[in-house]
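What follows is a set of notes on a single structure, which appears directly below.
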Amino acid sequence: MFNNKEAFKLLFQENLVSKLGKPLKEAQKADIYTILSSMIREYVGKNWADTNQNFQFHQKKQVYYFSMEFLIGRLLGNNLLNLGVLECVREGLKELGWDLEELEEEESDAGLGNGGLGRLAACFLDSLASLKYAGHGCGIRYRYGLFEQKIVEGNQVELPDYWLQKGNEWEVRRADKKVEVRFWGNVEIHEEDEELVFETHNYEAVTAMPYDVPVIGYGGEHVNTLRIWSAESTMDHTEMSGPNNYYKFIHYNRSVESISDFLYPDDSQYEGKLLRLKQQYFLCSAGLQSILGTFERLGLTIDHLPEKVAIHINDTHPTLVIPELMRILIDVKGLGWAEAWDITSRTVSYTNHTTLSEALEKWPISMVKELLPRIYMIIEEINKQFCGMLMKKYPEHPEIIPQMSIIDGEQLKMANLAIVGSYSVNGVAALHTDILKKREMKLFYDLYPTRFNNKTNGITHRRWLMHANPALADLISNTIGTRWMNEPQEMVGLLKYSEDIGLQDRTRAIKQHNKMKLASYIHEKQGIIVDPYSIFDVHVKRLHGYKRQLMNILHIMYLYIQMKQNSTIERIPRTFIFGAKAAPSYSFAKRIIKLINVVANQVNRDREVNQKMKVIFLENYSVSLAEKIIPASDVSEQISTASKEASGTGNMKFMMNGALTLGTMDGANVEMHEMIGDDNMFLFGLQSAQVLDYYQHGGYVVKDVYHKDARVREVMDQLVTPGYFGINELEFGDIFNSIMSTNDEYFVLKDFASYVDAHLQIDLSYRNSKEWQRKSILNIGHSGKFSSDCTISKYASEIWGLKGNQAKLQAKL
Ligand SMILES: *Cc1c(COP(=O)(O)O)cnc(C)c1O
């Protein structure tokens, strides 16, 4: 009904009348968006049901990807693309007087994540469905997603992101699938038939209400499910009538619903919030109950669970699936400990995302014990057995035990529990996995060498290329055919055309068009005119010390002084573009946002230089903004302190859209370098081994760099010199002091000189436009290996033991 423009138009107008009671000529943009998305949701209904039937019928092994974050962004455009009806709908709407791209802007981003980790989960869902695997998302339906960022007088201001305000056409509330999650209470133990029985009393019950979102695979036939849970009160109002009870009821309702109110806007620092722990258990318990419900309908005994179900945890946030599954197997299904442990530890697998120590999750024992008394008992027992095993294995090394123990004094170490309770632990890039094995998790690696493996992150080429940059996608298809859409590694076919002048001209023209579009967006949002022929040099990602936005802005300050001092300097005009949210509690990160905006303000107003450079901070960096920025970028700043960025995925999106990377040998940049070599990216800075060595053995003194390198000193001194940048006296003394007092913990000054050089190389390189385009094409051609389709087929075969329909793809990898 959609693959025909006329039929679409007719159906669309019928829907408008039947659902909104409006004829076309009275419909507003919001009406058109609502009707269109609801039609598509209904349209996939049949394939969704069929997919599920098919799973059931063939008893297919199911993967459940548990994640506290799914940063999915908008769905309309991607769903149309994957359904294969994009063109027919676009044309049909046009004839009805509406522009699809404008309608897409009506949709609120589903910002149910902070950054890379949540976006990875979203890319994985797209690949799972497109490769026709039985793989589903399990998450929380936060009423408020990641905050909306406004910049007011250069400062970040956070506004609540009430993304559901206009309704959500994509989800289906599944009241028939609701479950109950229990908190608090006390555990009573008694004996029945010589077995200990554990019962929790006086608990607080919360209803977990699932909302299902269809995840449409490319081609539209295969439809998986993202199930997101919302917390609701278990009591109905009749149970709580009476004068005092009424207020109790209101109070209780509020406290219960608050569990799924907010996404924690912090992806790397430990938030010691009871509510966060409640969220984690809520997700784990609700998700598991629903999985076991589906499993039971297969009619198999519970010992078959690991054959039919794989549970994957995205970082340690959902680690409580391990003790929760133990609880259900023992207390509800009546299994013995050993059998329950065998089943659990063959069902769960875990991805580690970071080696930043402040991001390793720890919970106070007292909190876990009180909120989840039975779960705590189980964790204690897991730990007892684990430590007992260690004592036997390493009788000569008792010092190992406190390092590996799951419970350490007053703290529960989630990563240790996740490793002990799962059968696979993976890092997210080769370098990261190597650091895990050799350093951060060495003791665990020595104990379980086969458990550790690498799965380099990936991105879906459907959203990040076909949807975000359709002109480039068409150009690729015109050059090498369309097979790459299903088999993205086929993009290497482009390599042999890298010298082709015609292809170079066309990629240049597409980039130029995208830059013009971004320039008008910038003009519309900020009233600033940027030169669309300047180099668009882009640094977009969460704001964090290790991502070194500070180094970028210090370099811009350096360039600015240089230009002021010597107006004859020949430089290709540059537009520096930033986008970044800072966690509201991370005050240093917010100061860097302020510094960027202060510098931008000065540079952009200065007529002596503003033809040569501009600095733009785009507010509210999000998936939909990334889709506008990345296709328009020439230079991709991936400049983290080596060893700190586990993988990065932003780097891959830029590469796929033909930007050249300015980066350190960190995360997946290392693998990018392996593919394209020194000549096709701009590398600089310390190697990860050097950084780790400095951390371990010292040997770097920031004051030495400050005293020796006049450029560094000049820039640093500007931070505390009145006059420059209209900066009040000492206004950025805090940033100056922070670098000095931490001995430059992120090596910003140490890497500064080589960063300056790399920027010069970019300037020189860009002058040779043919060479630049050649490099750009090589980057695009190699980027197919970073498609999450490749990543997911490796997860499927090497971790989850899935038999996919992708034997062909497998053979090629
Ligand atoms: C890809 C993406 C990220 C991750 O970017 P990195 O550069 O890997 O940190 C963060 N936020 C959004 C909106 C993204 O699309």
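Following the order of the structure tokens, chains are lettered A, B, ..., residues in each are numbered from 1, and ligands are numbered from 1.
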
Expected selection as a VMD selection string for ligand 1 within 10 Å, only C-alpha atoms and all ligand atoms: chain A and resid 71 to 73 109 111 113 to 120 122 to 123 457 to 459 464 539 to 544 547 579 to 581 620 to 627 630 636 to 640 645 to 654 667 to 668

From the DSSP assignment of the backbone, select every residue of region 144-308 of chain A that is strand (DSSP E), and format the answer as an MDAnalysis selection string. chainID A and resid 145:152 155:161 172:173 179:183 186:192 195:201 204:216 223:233

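Proximity to Val691 (chain A) at 9 Å, evaluated using only C-alpha atoms and with sequence-adjacent residues fewer than 4 positions away removed, yields A:Thr641, A:Ala642, A:Ser643, A:Leu686, A:Gln687, A:Tyr695, A:Gln696, A:Tyr746, A:Phe747.
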
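Excluding Ser587 (chain A) and any residue on its chain fewer than 4 positions from it, the residues at most 12 Å away by only C-alpha atoms are Asn155, Gln156, Leu543, His544, Gly545, Lys581, Ala582, Ala583, Arg591, Ile592, Ile593, Lys594, Asp734, Ile735 and Ser738 of chain A.
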
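Computed from the coordinates, the CA of Leu472 (chain A) to CA of Asp531 (chain A) distance equals 22.0 Å.
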
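The nearest approach to Glu798 (chain A) among the residues A:Arg451, A:Lys392, A:Lys384, A:Lys178, with only C-alpha atoms taken into account, belongs to A:Arg451.
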
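Of the listed residues (A:Ser769, A:Met551, A:Asp678, A:Gly334), A:Met551 comes nearest to Ile739 (chain A); the distances count only C-alpha atoms.
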
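Straight-line separation from CA of Glu570 (chain A) to CA of Leu595 (chain A): 26.2 Å.
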
Using Å and a single decimal, report how far CA of Arg506 (chain A) sits from CA of Ile780 (chain A). 13.5 Å

In terms of only C-alpha atoms, the residue from A:Gly185, A:Arg767, A:Phe588, A:Ala600 at minimal distance from Ile556 (chain A) is A:Ala600

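Within 9 Å of region 431-441 of chain A, once only C-alpha atoms are used and residues closer than 3 positions along the same chain are dropped, the contacting residues are A:Asn352, A:His353, A:Thr354, A:Thr355, A:Asn426, A:Gly427, A:Val428, A:Phe444, A:Tyr445, A:Asp446, A:Pro449, A:Phe452, A:Asn453, A:Asn454, A:Lys455, A:Ser643, A:Lys644, A:Glu645, A:Ala646, A:Ser647, A:Asp666, A:Gly667, A:Ala668, A:Val670, A:Glu671, A:Ser688.
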
May I have the residues from that selection written out with N, CA, C and O atoms, as an mmCIF file, in the first residue's frame?
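Wrote it out as result_22.cif, contents follow:
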data_model
loop_
_atom_site.group_PDB
_atom_site.id
_atom_site.type_symbol
_atom_site.label_atom_id
_atom_site.label_comp_id
_atom_site.auth_asym_id
_atom_site.auth_seq_id
_atom_site.Cartn_x
_atom_site.Cartn_y
_atom_site.Cartn_z
ATOM 1 N N ASN A 352 32.772 -4.133 28.263
ATOM 2 C CA ASN A 352 33.401 -3.077 29.053
ATOM 3 C C ASN A 352 33.637 -1.862 28.143
ATOM 4 O O ASN A 352 34.080 -2.000 27.008
ATOM 5 N N HIS A 353 33.325 -0.673 28.665
ATOM 6 C CA HIS A 353 33.428 0.531 27.840
ATOM 7 C C HIS A 353 34.482 1.512 28.271
ATOM 8 O O HIS A 353 34.643 2.556 27.642
ATOM 9 N N THR A 354 35.143 1.261 29.367
ATOM 10 C CA THR A 354 36.038 2.307 29.839
ATOM 11 C C THR A 354 37.093 1.764 30.790
ATOM 12 O O THR A 354 36.870 0.752 31.451
ATOM 13 N N THR A 355 38.212 2.442 30.824
ATOM 14 C CA THR A 355 39.185 2.145 31.863
ATOM 15 C C THR A 355 39.349 3.348 32.792
ATOM 16 O O THR A 355 40.190 3.328 33.684
ATOM 17 N N ASN A 426 34.032 -8.341 26.617
ATOM 18 C CA ASN A 426 34.708 -7.759 25.468
ATOM 19 C C ASN A 426 35.007 -6.283 25.647
ATOM 20 O O ASN A 426 34.250 -5.545 26.267
ATOM 21 N N GLY A 427 36.145 -5.880 25.106
ATOM 22 C CA GLY A 427 36.471 -4.468 24.967
ATOM 23 C C GLY A 427 35.957 -3.990 23.627
ATOM 24 O O GLY A 427 35.452 -4.792 22.828
ATOM 25 N N VAL A 428 36.055 -2.685 23.357
ATOM 26 C CA VAL A 428 35.375 -2.107 22.207
ATOM 27 C C VAL A 428 36.294 -1.589 21.106
ATOM 28 O O VAL A 428 35.834 -0.964 20.159
ATOM 29 N N PHE A 444 42.115 -10.653 36.163
ATOM 30 C CA PHE A 444 40.982 -11.429 35.651
ATOM 31 C C PHE A 444 41.338 -12.117 34.339
ATOM 32 O O PHE A 444 40.927 -13.237 34.082
ATOM 33 N N TYR A 445 42.113 -11.425 33.530
ATOM 34 C CA TYR A 445 42.527 -12.024 32.268
ATOM 35 C C TYR A 445 43.399 -13.255 32.521
ATOM 36 O O TYR A 445 43.249 -14.292 31.867
ATOM 37 N N ASP A 446 44.297 -13.158 33.500
ATOM 38 C CA ASP A 446 45.141 -14.317 33.827
ATOM 39 C C ASP A 446 44.290 -15.488 34.314
ATOM 40 O O ASP A 446 44.579 -16.643 34.031
ATOM 41 N N PRO A 449 41.563 -16.446 30.712
ATOM 42 C CA PRO A 449 42.094 -15.888 29.446
ATOM 43 C C PRO A 449 41.138 -16.016 28.261
ATOM 44 O O PRO A 449 41.094 -15.137 27.409
ATOM 45 N N PHE A 452 38.046 -13.239 27.591
ATOM 46 C CA PHE A 452 38.239 -11.875 27.072
ATOM 47 C C PHE A 452 38.347 -11.857 25.550
ATOM 48 O O PHE A 452 39.018 -12.703 24.960
ATOM 49 N N ASN A 453 37.699 -10.896 24.935
ATOM 50 C CA ASN A 453 37.793 -10.768 23.476
ATOM 51 C C ASN A 453 37.484 -9.341 23.058
ATOM 52 O O ASN A 453 36.963 -8.547 23.843
ATOM 53 N N ASN A 454 37.845 -9.039 21.826
ATOM 54 C CA ASN A 454 37.604 -7.681 21.316
ATOM 55 C C ASN A 454 36.472 -7.660 20.297
ATOM 56 O O ASN A 454 36.349 -8.564 19.474
ATOM 57 N N LYS A 455 35.659 -6.609 20.385
ATOM 58 C CA LYS A 455 34.669 -6.342 19.337
ATOM 59 C C LYS A 455 34.710 -4.837 19.093
ATOM 60 O O LYS A 455 34.120 -4.054 19.848
ATOM 61 N N SER A 643 44.951 6.374 25.028
ATOM 62 C CA SER A 643 44.583 5.348 26.023
ATOM 63 C C SER A 643 43.246 5.627 26.711
ATOM 64 O O SER A 643 42.697 4.755 27.370
ATOM 65 N N LYS A 644 42.694 6.828 26.552
ATOM 66 C CA LYS A 644 41.499 7.182 27.326
ATOM 67 C C LYS A 644 40.182 6.901 26.590
ATOM 68 O O LYS A 644 39.175 6.596 27.226
ATOM 69 N N GLU A 645 40.174 7.047 25.273
ATOM 70 C CA GLU A 645 38.920 6.847 24.530
ATOM 71 C C GLU A 645 38.851 5.372 24.151
ATOM 72 O O GLU A 645 39.626 4.901 23.311
ATOM 73 N N ALA A 646 37.923 4.645 24.760
ATOM 74 C CA ALA A 646 37.906 3.200 24.556
ATOM 75 C C ALA A 646 37.835 2.873 23.064
ATOM 76 O O ALA A 646 38.610 2.073 22.559
ATOM 77 N N SER A 647 36.883 3.481 22.361
ATOM 78 C CA SER A 647 36.816 3.270 20.910
ATOM 79 C C SER A 647 36.540 4.588 20.202
ATOM 80 O O SER A 647 37.291 5.043 19.364
ATOM 81 N N ASP A 666 44.458 6.573 19.441
ATOM 82 C CA ASP A 666 43.607 6.148 20.547
ATOM 83 C C ASP A 666 42.376 5.438 20.001
ATOM 84 O O ASP A 666 41.931 5.721 18.882
ATOM 85 N N GLY A 667 41.828 4.533 20.793
ATOM 86 C CA GLY A 667 40.585 3.867 20.447
ATOM 87 C C GLY A 667 40.618 3.308 19.037
ATOM 88 O O GLY A 667 41.619 2.735 18.589
ATOM 89 N N ALA A 668 39.519 3.494 18.327
ATOM 90 C CA ALA A 668 39.412 2.946 16.969
ATOM 91 C C ALA A 668 40.229 3.758 15.956
ATOM 92 O O ALA A 668 40.387 3.317 14.821
ATOM 93 N N VAL A 670 43.228 3.932 15.964
ATOM 94 C CA VAL A 670 44.364 3.050 15.686
ATOM 95 C C VAL A 670 44.026 2.112 14.532
ATOM 96 O O VAL A 670 44.839 1.881 13.630
ATOM 97 N N GLU A 671 42.800 1.589 14.558
ATOM 98 C CA GLU A 671 42.390 0.667 13.490
ATOM 99 C C GLU A 671 42.137 1.405 12.175
ATOM 100 O O GLU A 671 42.352 0.870 11.085
ATOM 101 N N SER A 688 49.701 5.734 23.372
ATOM 102 C CA SER A 688 49.063 5.307 24.623
ATOM 103 C C SER A 688 50.086 4.713 25.607
ATOM 104 O O SER A 688 50.000 4.952 26.808
#

Quick one: everything within 12 Å of Ile553 (chain A), counting only C-alpha atoms, minus sequence neighbours fewer than 5 positions away in the same chain. Send it as a VMD selection string. chain A and resid 537 to 539 548 558 to 560 576 to 578 592 to 600 603 614 to 617 637 715 to 716 719 748 752 755 to 756

Got a sec: who's within 12 Å of Asn657 (chain A), counting only C-alpha atoms, leaving out chain neighbours fewer than 6 positions off, as a PyMOL selection string? chain A and resi 461+463-473+475-476+507-508+510-511+514+626-636+650-651+773+775-784

Taking the DSSP secondary structure from the backbone, can you list the residues of region 138-342 of chain A that are alpha helix (DSSP H), as number ranges by chain? A: 243-257, 274-296, 305-308, 321-327, 337-342
